[in-house]
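K.L.:
Input run.pdb, format and content: PDB, C-alpha atoms.
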```pdb
ATOM      1  CA  MET Q   1      38.952  71.230 124.256  1.00  0.00           C
ATOM      2  CA  ARG Q   2      37.546  71.598 127.709  1.00  0.00           C
ATOM      3  CA  LEU Q   3      36.232  68.789 129.881  1.00  0.00           C
ATOM      4  CA  THR Q   4      33.162  69.306 132.001  1.00  0.00           C
ATOM      5  CA  GLN Q   5      33.325  69.654 135.763  1.00  0.00           C
ATOM      6  CA  PHE Q   6      31.483  66.318 135.900  1.00  0.00           C
ATOM      7  CA  THR Q   7      34.400  64.551 134.181  1.00  0.00           C
ATOM      8  CA  ASP Q   8      36.902  66.354 136.400  1.00  0.00           C
ATOM      9  CA  TYR Q   9      35.048  65.146 139.494  1.00  0.00           C
ATOM     10  CA  ALA Q  10      34.782  61.630 138.076  1.00  0.00           C
ATOM     11  CA  LEU Q  11      38.530  61.417 137.596  1.00  0.00           C
ATOM     12  CA  ARG Q  12      39.148  62.824 141.093  1.00  0.00           C
ATOM     13  CA  LEU Q  13      36.710  60.345 142.634  1.00  0.00           C
ATOM     14  CA  LEU Q  14      38.459  57.451 140.903  1.00  0.00           C
ATOM     15  CA  ILE Q  15      41.899  58.719 141.987  1.00  0.00           C
ATOM     16  CA  TYR Q  16      40.719  58.920 145.590  1.00  0.00           C
ATOM     17  CA  ALA Q  17      39.134  55.452 145.508  1.00  0.00           C
ATOM     18  CA  ALA Q  18      42.336  54.030 144.007  1.00  0.00           C
ATOM     19  CA  ALA Q  19      44.425  55.620 146.771  1.00  0.00           C
ATOM     20  CA  TYR Q  20      42.324  53.855 149.400  1.00  0.00           C
ATOM     21  CA  SER Q  21      41.891  50.553 147.592  1.00  0.00           C
ATOM     22  CA  ASP Q  22      41.998  48.607 150.864  1.00  0.00           C
ATOM     23  CA  ARG Q  23      38.648  49.952 152.114  1.00  0.00           C
ATOM     24  CA  LEU Q  24      35.377  51.619 151.202  1.00  0.00           C
ATOM     25  CA  VAL Q  25      35.488  55.381 150.844  1.00  0.00           C
ATOM     26  CA  THR Q  26      32.493  57.642 151.250  1.00  0.00           C
ATOM     27  CA  ILE Q  27      31.038  60.538 149.338  1.00  0.00           C
ATOM     28  CA  GLU Q  28      31.307  62.675 152.482  1.00  0.00           C
ATOM     29  CA  GLU Q  29      35.037  62.164 152.966  1.00  0.00           C
ATOM     30  CA  THR Q  30      35.771  62.580 149.262  1.00  0.00           C
ATOM     31  CA  ALA Q  31      33.739  65.802 149.123  1.00  0.00           C
ATOM     32  CA  ALA Q  32      35.621  67.094 152.163  1.00  0.00           C
ATOM     33  CA  VAL Q  33      39.048  66.229 150.710  1.00  0.00           C
ATOM     34  CA  TYR Q  34      38.344  68.040 147.442  1.00  0.00           C
ATOM     35  CA  GLY Q  35      36.090  70.749 148.853  1.00  0.00           C
ATOM     36  CA  ILE Q  36      33.322  69.980 146.372  1.00  0.00           C
ATOM     37  CA  SER Q  37      29.587  69.407 146.568  1.00  0.00           C
ATOM     38  CA  ARG Q  38      28.416  66.153 148.137  1.00  0.00           C
ATOM     39  CA  ASN Q  39      25.286  66.185 145.936  1.00  0.00           C
ATOM     40  CA  HIS Q  40      27.307  66.609 142.757  1.00  0.00           C
ATOM     41  CA  LEU Q  41      29.698  63.822 143.782  1.00  0.00           C
ATOM     42  CA  MET Q  42      26.734  61.533 144.432  1.00  0.00           C
ATOM     43  CA  LYS Q  43      25.617  61.975 140.820  1.00  0.00           C
ATOM     44  CA  VAL Q  44      29.150  61.312 139.608  1.00  0.00           C
ATOM     45  CA  ALA Q  45      29.463  58.178 141.775  1.00  0.00           C
ATOM     46  CA  ASN Q  46      26.128  56.883 140.477  1.00  0.00           C
ATOM     47  CA  LEU Q  47      27.267  57.189 136.871  1.00  0.00           C
ATOM     48  CA  LEU Q  48      30.650  55.614 137.632  1.00  0.00           C
ATOM     49  CA  THR Q  49      28.842  52.735 139.331  1.00  0.00           C
ATOM     50  CA  ARG Q  50      26.498  52.259 136.359  1.00  0.00           C
ATOM     51  CA  HIS Q  51      29.524  52.142 134.040  1.00  0.00           C
ATOM     52  CA  ASP Q  52      31.307  49.589 136.255  1.00  0.00           C
ATOM     53  CA  PHE Q  53      34.169  51.832 137.325  1.00  0.00           C
ATOM     54  CA  LEU Q  54      33.016  51.825 140.970  1.00  0.00           C
ATOM     55  CA  ARG Q  55      31.254  49.297 143.164  1.00  0.00           C
ATOM     56  CA  ALA Q  56      28.844  50.783 145.684  1.00  0.00           C
ATOM     57  CA  VAL Q  57      27.868  49.312 149.032  1.00  0.00           C
ATOM     58  CA  ARG Q  58      24.643  50.746 150.428  1.00  0.00           C
ATOM     59  CA  GLY Q  59      23.801  51.349 154.045  1.00  0.00           C
ATOM     60  CA  ARG Q  60      25.048  53.198 157.084  1.00  0.00           C
ATOM     61  CA  THR Q  61      28.515  51.661 156.832  1.00  0.00           C
ATOM     62  CA  GLY Q  62      28.544  51.708 153.046  1.00  0.00           C
ATOM     63  CA  GLY Q  63      30.655  53.535 150.563  1.00  0.00           C
ATOM     64  CA  PHE Q  64      32.330  52.730 147.308  1.00  0.00           C
ATOM     65  CA  MET Q  65      35.484  51.211 145.922  1.00  0.00           C
ATOM     66  CA  LEU Q  66      36.945  50.542 142.524  1.00  0.00           C
ATOM     67  CA  ALA Q  67      35.022  47.866 140.648  1.00  0.00           C
ATOM     68  CA  ARG Q  68      38.215  46.628 139.029  1.00  0.00           C
ATOM     69  CA  ALA Q  69      41.970  47.134 139.056  1.00  0.00           C
ATOM     70  CA  PRO Q  70      43.240  50.639 138.211  1.00  0.00           C
ATOM     71  CA  GLU Q  71      45.216  49.149 135.308  1.00  0.00           C
ATOM     72  CA  SER Q  72      41.953  48.114 133.637  1.00  0.00           C
ATOM     73  CA  ILE Q  73      40.253  51.522 133.895  1.00  0.00           C
ATOM     74  CA  GLY Q  74      41.185  53.454 130.775  1.00  0.00           C
ATOM     75  CA  LEU Q  75      41.082  57.227 131.054  1.00  0.00           C
ATOM     76  CA  GLY Q  76      39.658  57.524 127.549  1.00  0.00           C
ATOM     77  CA  HIS Q  77      36.805  55.217 128.537  1.00  0.00           C
ATOM     78  CA  VAL Q  78      36.098  57.335 131.621  1.00  0.00           C
ATOM     79  CA  VAL Q  79      36.102  60.554 129.590  1.00  0.00           C
ATOM     80  CA  ARG Q  80      33.827  59.100 126.909  1.00  0.00           C
ATOM     81  CA  SER Q  81      31.474  57.811 129.625  1.00  0.00           C
ATOM     82  CA  THR Q  82      31.201  61.126 131.443  1.00  0.00           C
ATOM     83  CA  GLU Q  83      31.253  63.755 128.702  1.00  0.00           C
ATOM     84  CA  PRO Q  84      27.801  64.581 127.290  1.00  0.00           C
ATOM     85  CA  ASP Q  85      29.152  65.320 123.802  1.00  0.00           C
ATOM     86  CA  PHE Q  86      32.280  66.300 121.971  1.00  0.00           C
ATOM     87  CA  SER Q  87      30.763  68.993 119.779  1.00  0.00           C
ATOM     88  CA  ILE Q  88      33.630  71.401 120.254  1.00  0.00           C
ATOM     89  CA  VAL Q  89      32.282  73.683 117.527  1.00  0.00           C
ATOM     90  CA  GLU Q  90      28.858  74.100 115.958  1.00  0.00           C
ATOM     91  CA  CYS Q  91      29.578  72.022 112.845  1.00  0.00           C
ATOM     92  CA  PHE Q  92      30.112  68.901 114.995  1.00  0.00           C
ATOM     93  CA  ARG Q  93      26.404  68.982 115.897  1.00  0.00           C
ATOM     94  CA  ASP Q  94      23.622  67.483 113.806  1.00  0.00           C
ATOM     95  CA  THR Q  95      21.934  70.854 113.475  1.00  0.00           C
ATOM     96  CA  TYR Q  96      24.246  73.659 112.430  1.00  0.00           C
ATOM     97  CA  GLN Q  97      23.935  76.667 110.201  1.00  0.00           C
ATOM     98  CA  CYS Q  98      27.410  77.823 109.348  1.00  0.00           C
ATOM     99  CA  SER Q  99      27.733  79.374 105.901  1.00  0.00           C
ATOM    100  CA  LEU Q 100      31.306  78.045 105.575  1.00  0.00           C
ATOM    101  CA  THR Q 101      30.290  74.378 105.796  1.00  0.00           C
ATOM    102  CA  PRO Q 102      30.631  73.513 102.090  1.00  0.00           C
ATOM    103  CA  SER Q 103      34.278  74.627 101.921  1.00  0.00           C
ATOM    104  CA  CYS Q 104      35.464  74.838 105.527  1.00  0.00           C
ATOM    105  CA  ARG Q 105      38.553  72.915 106.583  1.00  0.00           C
ATOM    106  CA  LEU Q 106      38.298  73.741 110.294  1.00  0.00           C
ATOM    107  CA  LYS Q 107      36.033  70.788 111.121  1.00  0.00           C
ATOM    108  CA  GLY Q 108      38.624  68.326 109.809  1.00  0.00           C
ATOM    109  CA  ILE Q 109      41.448  69.901 111.759  1.00  0.00           C
ATOM    110  CA  LEU Q 110      39.411  70.034 114.959  1.00  0.00           C
ATOM    111  CA  GLY Q 111      38.255  66.456 114.416  1.00  0.00           C
ATOM    112  CA  THR Q 112      41.870  65.349 114.125  1.00  0.00           C
ATOM    113  CA  ALA Q 113      42.773  67.289 117.277  1.00  0.00           C
ATOM    114  CA  LEU Q 114      39.884  65.723 119.201  1.00  0.00           C
ATOM    115  CA  ALA Q 115      40.907  62.260 118.034  1.00  0.00           C
ATOM    116  CA  ALA Q 116      44.495  62.943 119.153  1.00  0.00           C
ATOM    117  CA  PHE Q 117      43.243  64.031 122.584  1.00  0.00           C
ATOM    118  CA  LEU Q 118      41.134  60.892 123.002  1.00  0.00           C
ATOM    119  CA  ASN Q 119      43.940  58.681 121.681  1.00  0.00           C
ATOM    120  CA  GLU Q 120      46.288  60.153 124.305  1.00  0.00           C
ATOM    121  CA  MET Q 121      43.705  59.519 127.031  1.00  0.00           C
ATOM    122  CA  ASP Q 122      43.367  55.934 125.737  1.00  0.00           C
ATOM    123  CA  ARG Q 123      47.103  55.417 126.277  1.00  0.00           C
ATOM    124  CA  HIS Q 124      46.684  55.862 130.036  1.00  0.00           C
ATOM    125  CA  THR Q 125      44.857  54.130 132.839  1.00  0.00           C
ATOM    126  CA  LEU Q 126      43.839  55.059 136.349  1.00  0.00           C
ATOM    127  CA  ALA Q 127      47.025  53.302 137.505  1.00  0.00           C
ATOM    128  CA  ASP Q 128      48.978  56.215 135.985  1.00  0.00           C
ATOM    129  CA  LEU Q 129      47.187  58.609 138.356  1.00  0.00           C
ATOM    130  CA  VAL Q 130      47.179  56.698 141.660  1.00  0.00           C
ATOM    131  CA  LEU Q 131      48.490  58.698 144.590  1.00  0.00           C
ATOM    132  CA  ASP Q 132      49.701  57.609 147.963  1.00  0.00           C
ATOM    133  CA  PRO Q 133      47.059  58.623 150.546  1.00  0.00           C
ATOM    134  CA  ALA Q 134      49.595  60.958 152.190  1.00  0.00           C
ATOM    135  CA  GLN Q 135      49.671  63.015 148.982  1.00  0.00           C
ATOM    136  CA  PHE Q 136      46.107  64.185 149.671  1.00  0.00           C
ATOM    137  CA  GLY Q 137      47.428  66.134 152.651  1.00  0.00           C
ATOM    138  CA  ILE Q 138      44.998  64.606 155.133  1.00  0.00           C
ATOM    139  CA  GLU Q 139      45.146  62.129 157.941  1.00  0.00           C
ATOM    140  CA  ARG Q 140      43.873  58.700 157.018  1.00  0.00           C
ATOM    141  CA  PRO Q 141      40.211  58.531 158.123  1.00  0.00           C
ATOM    142  CA  ALA Q 142      39.347  55.868 160.655  1.00  0.00           C
ATOM    143  CA  ALA Q 143      38.098  52.744 158.935  1.00  0.00           C
TER
END
```
Can the structure in the file be given as structure tokens, please?

P.N.:
Amino acid sequence: MRLTQFTDYALRLLIYAAAYSDRLVTIEETAAVYGISRNHLMKVANLLTRHDFLRAVRGRTGGFMLARAPESIGLGHVVRSTEPDFSIVECFRDTYQCSLTPSCRLKGILGTALAAFLNEMDRHTLADLVLDPAQFGIERPAA
């Protein structure tokens, strides 16, 4: 199982927003803290806003913040919202051509493993990941 970079960035963006819950944070500062693309983070923030994980404020002094308490943001929900599909092998897709399909047991085992992964993610919320701003190793940006 491997999560996409998009999901990784989504989780990082939420962790950063949770650390600075007392103010709006910007794409620019978040990109600088993590050393990742501003354009990619913008796409991530847009999806997180559409799924009601973040609340965006437009304009020159805008930014984003969590749309709700970290305790109510389930990690499994975030992962399911950001991953394009969970077809970890060909037989999970609608169109597959594996000659083992009629007798293969691998799909069942992998399906169970995927379910276990998602169940573990469902056991946790963003609150389990919140860091103190000092743990980012940067000075607090001026508000």

K.L.:
For each of Q:Phe53, Q:Tyr16, Q:Tyr34, Q:Phe64, take the minimum atom-to-atom distance to Thr82 of chain Q, counting all atoms listed in the file, then give the residue where this is smallest.

P.N.:
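When distances to Thr82 of chain Q are compared using all atoms listed in the file, the smallest one comes from Q:Phe53.
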
K.L.:
Box for segment 8-26 of chain Q - axis-aligned, 4 Å on each of the six sides, all listed atoms - centre and size in Å to one decimal, as AutoDock Vina command-line options.

P.N.:
```
--center_x 38.5 --center_y 57.5 --center_z 144.3 --size_x 19.9 --size_y 25.7 --size_z 23.7
```

K.L.:
Excluding same-chain residues fewer than 6 positions from Phe6 of chain Q, what lies within 10 Å of it counting only C-alpha atoms, as a ChimeraX atom specification?

P.N.:
/Q:12,40-41,43-44,79,82-84

K.L.:
I need the residue nearest Arg55 of chain Q from this list: Q:Leu24, Q:Leu126, Q:Val78, Q:Val33. Use only C-alpha atoms for the distance.

P.N.:
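Closest to Arg55 of chain Q, using only C-alpha atoms: Q:Leu24.
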
K.L.:
Which value, in Å to one decimal, gives the distance between atom CA of Pro70 of chain Q and atom CA of Ala127 of chain Q?

P.N.:
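Going from atom CA of Pro70 of chain Q over to atom CA of Ala127 of chain Q, I get 4.7 Å.
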
K.L.:
Quick check on the file I pasted: which residues fall under the PyMOL selection byres ((chain Q and resi 72) around 12)? Write them as a ChimeraX atom specification.

P.N.:
/Q:18,52-53,66-71,73-78,122-128

K.L.:
May I ask which of the residues Q:Thr30, Q:Thr61, Q:Gln135, Q:Asn39 is the closest one to Ala17 of chain Q, counting all atoms listed in the file?

P.N.:
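That would be Q:Thr30, the residue with the smallest distance to Ala17 of chain Q.
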
K.L.:
For Ala115 of chain Q, which residue among Q:Arg80, Q:His51, Q:Arg58, Q:Arg38 is the nearest when counting only C-alpha atoms?

P.N.:
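With only C-alpha atoms as the atom set, the closest residue is Q:Arg80.
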
K.L.:
Which is closer to Ala113 of chain Q than all the others in Q:Ile15, Q:Met1, Q:Gln97, Q:Thr49, using only C-alpha atoms?

P.N.:
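Result for the nearest residue to Ala113 of chain Q: Q:Met1.
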
K.L.:
Distance atom CA of Met42 of chain Q-atom CA of Ile27 of chain Q, one decimal place?

P.N.:
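Atom-to-atom, atom CA of Met42 of chain Q and atom CA of Ile27 of chain Q are spaced 6.6 Å apart.
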
K.L.:
Name the residues that the PyMOL selection byres ((chain Q and resi 63) around 6) picks from the file above, as a VMD selection string, using the file's chain letters and numbers.

P.N.:
chain Q and resid 24 to 26 56 to 57 62 64

K.L.:
What's the separation between atom CA of Phe86 of chain Q and atom CA of Gly108 of chain Q, in Å to one decimal place?

P.N.:
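Separation of atom CA of Phe86 of chain Q and atom CA of Gly108 of chain Q: 13.9 Å.
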
K.L.:
Got a sec: who's within 12 Å of Leu114 of chain Q, counting all atoms listed in the file, leaving out chain neighbours fewer than 2 positions off, as a PDB file with C-alpha atoms, keeping the file's coordinate frame?

P.N.:
```
ATOM      1  CA  MET Q   1      38.952  71.230 124.256  1.00  0.00           C
ATOM      2  CA  ARG Q   2      37.546  71.598 127.709  1.00  0.00           C
ATOM      3  CA  LEU Q   3      36.232  68.789 129.881  1.00  0.00           C
ATOM      4  CA  GLY Q  76      39.658  57.524 127.549  1.00  0.00           C
ATOM      5  CA  ARG Q  80      33.827  59.100 126.909  1.00  0.00           C
ATOM      6  CA  ASP Q  85      29.152  65.320 123.802  1.00  0.00           C
ATOM      7  CA  PHE Q  86      32.280  66.300 121.971  1.00  0.00           C
ATOM      8  CA  SER Q  87      30.763  68.993 119.779  1.00  0.00           C
ATOM      9  CA  ILE Q  88      33.630  71.401 120.254  1.00  0.00           C
ATOM     10  CA  VAL Q  89      32.282  73.683 117.527  1.00  0.00           C
ATOM     11  CA  PHE Q  92      30.112  68.901 114.995  1.00  0.00           C
ATOM     12  CA  LYS Q 107      36.033  70.788 111.121  1.00  0.00           C
ATOM     13  CA  GLY Q 108      38.624  68.326 109.809  1.00  0.00           C
ATOM     14  CA  ILE Q 109      41.448  69.901 111.759  1.00  0.00           C
ATOM     15  CA  LEU Q 110      39.411  70.034 114.959  1.00  0.00           C
ATOM     16  CA  GLY Q 111      38.255  66.456 114.416  1.00  0.00           C
ATOM     17  CA  THR Q 112      41.870  65.349 114.125  1.00  0.00           C
ATOM     18  CA  ALA Q 116      44.495  62.943 119.153  1.00  0.00           C
ATOM     19  CA  PHE Q 117      43.243  64.031 122.584  1.00  0.00           C
ATOM     20  CA  LEU Q 118      41.134  60.892 123.002  1.00  0.00           C
ATOM     21  CA  ASN Q 119      43.940  58.681 121.681  1.00  0.00           C
ATOM     22  CA  GLU Q 120      46.288  60.153 124.305  1.00  0.00           C
ATOM     23  CA  MET Q 121      43.705  59.519 127.031  1.00  0.00           C
TER      24      MET Q 121
END
```

K.L.:
Restricting the calculation to only C-alpha atoms: of Q:Cys98, Q:Glu29, Q:Ile36, Q:Val130, which residue gets closest to Leu14 of chain Q?

P.N.:
Q:Val130
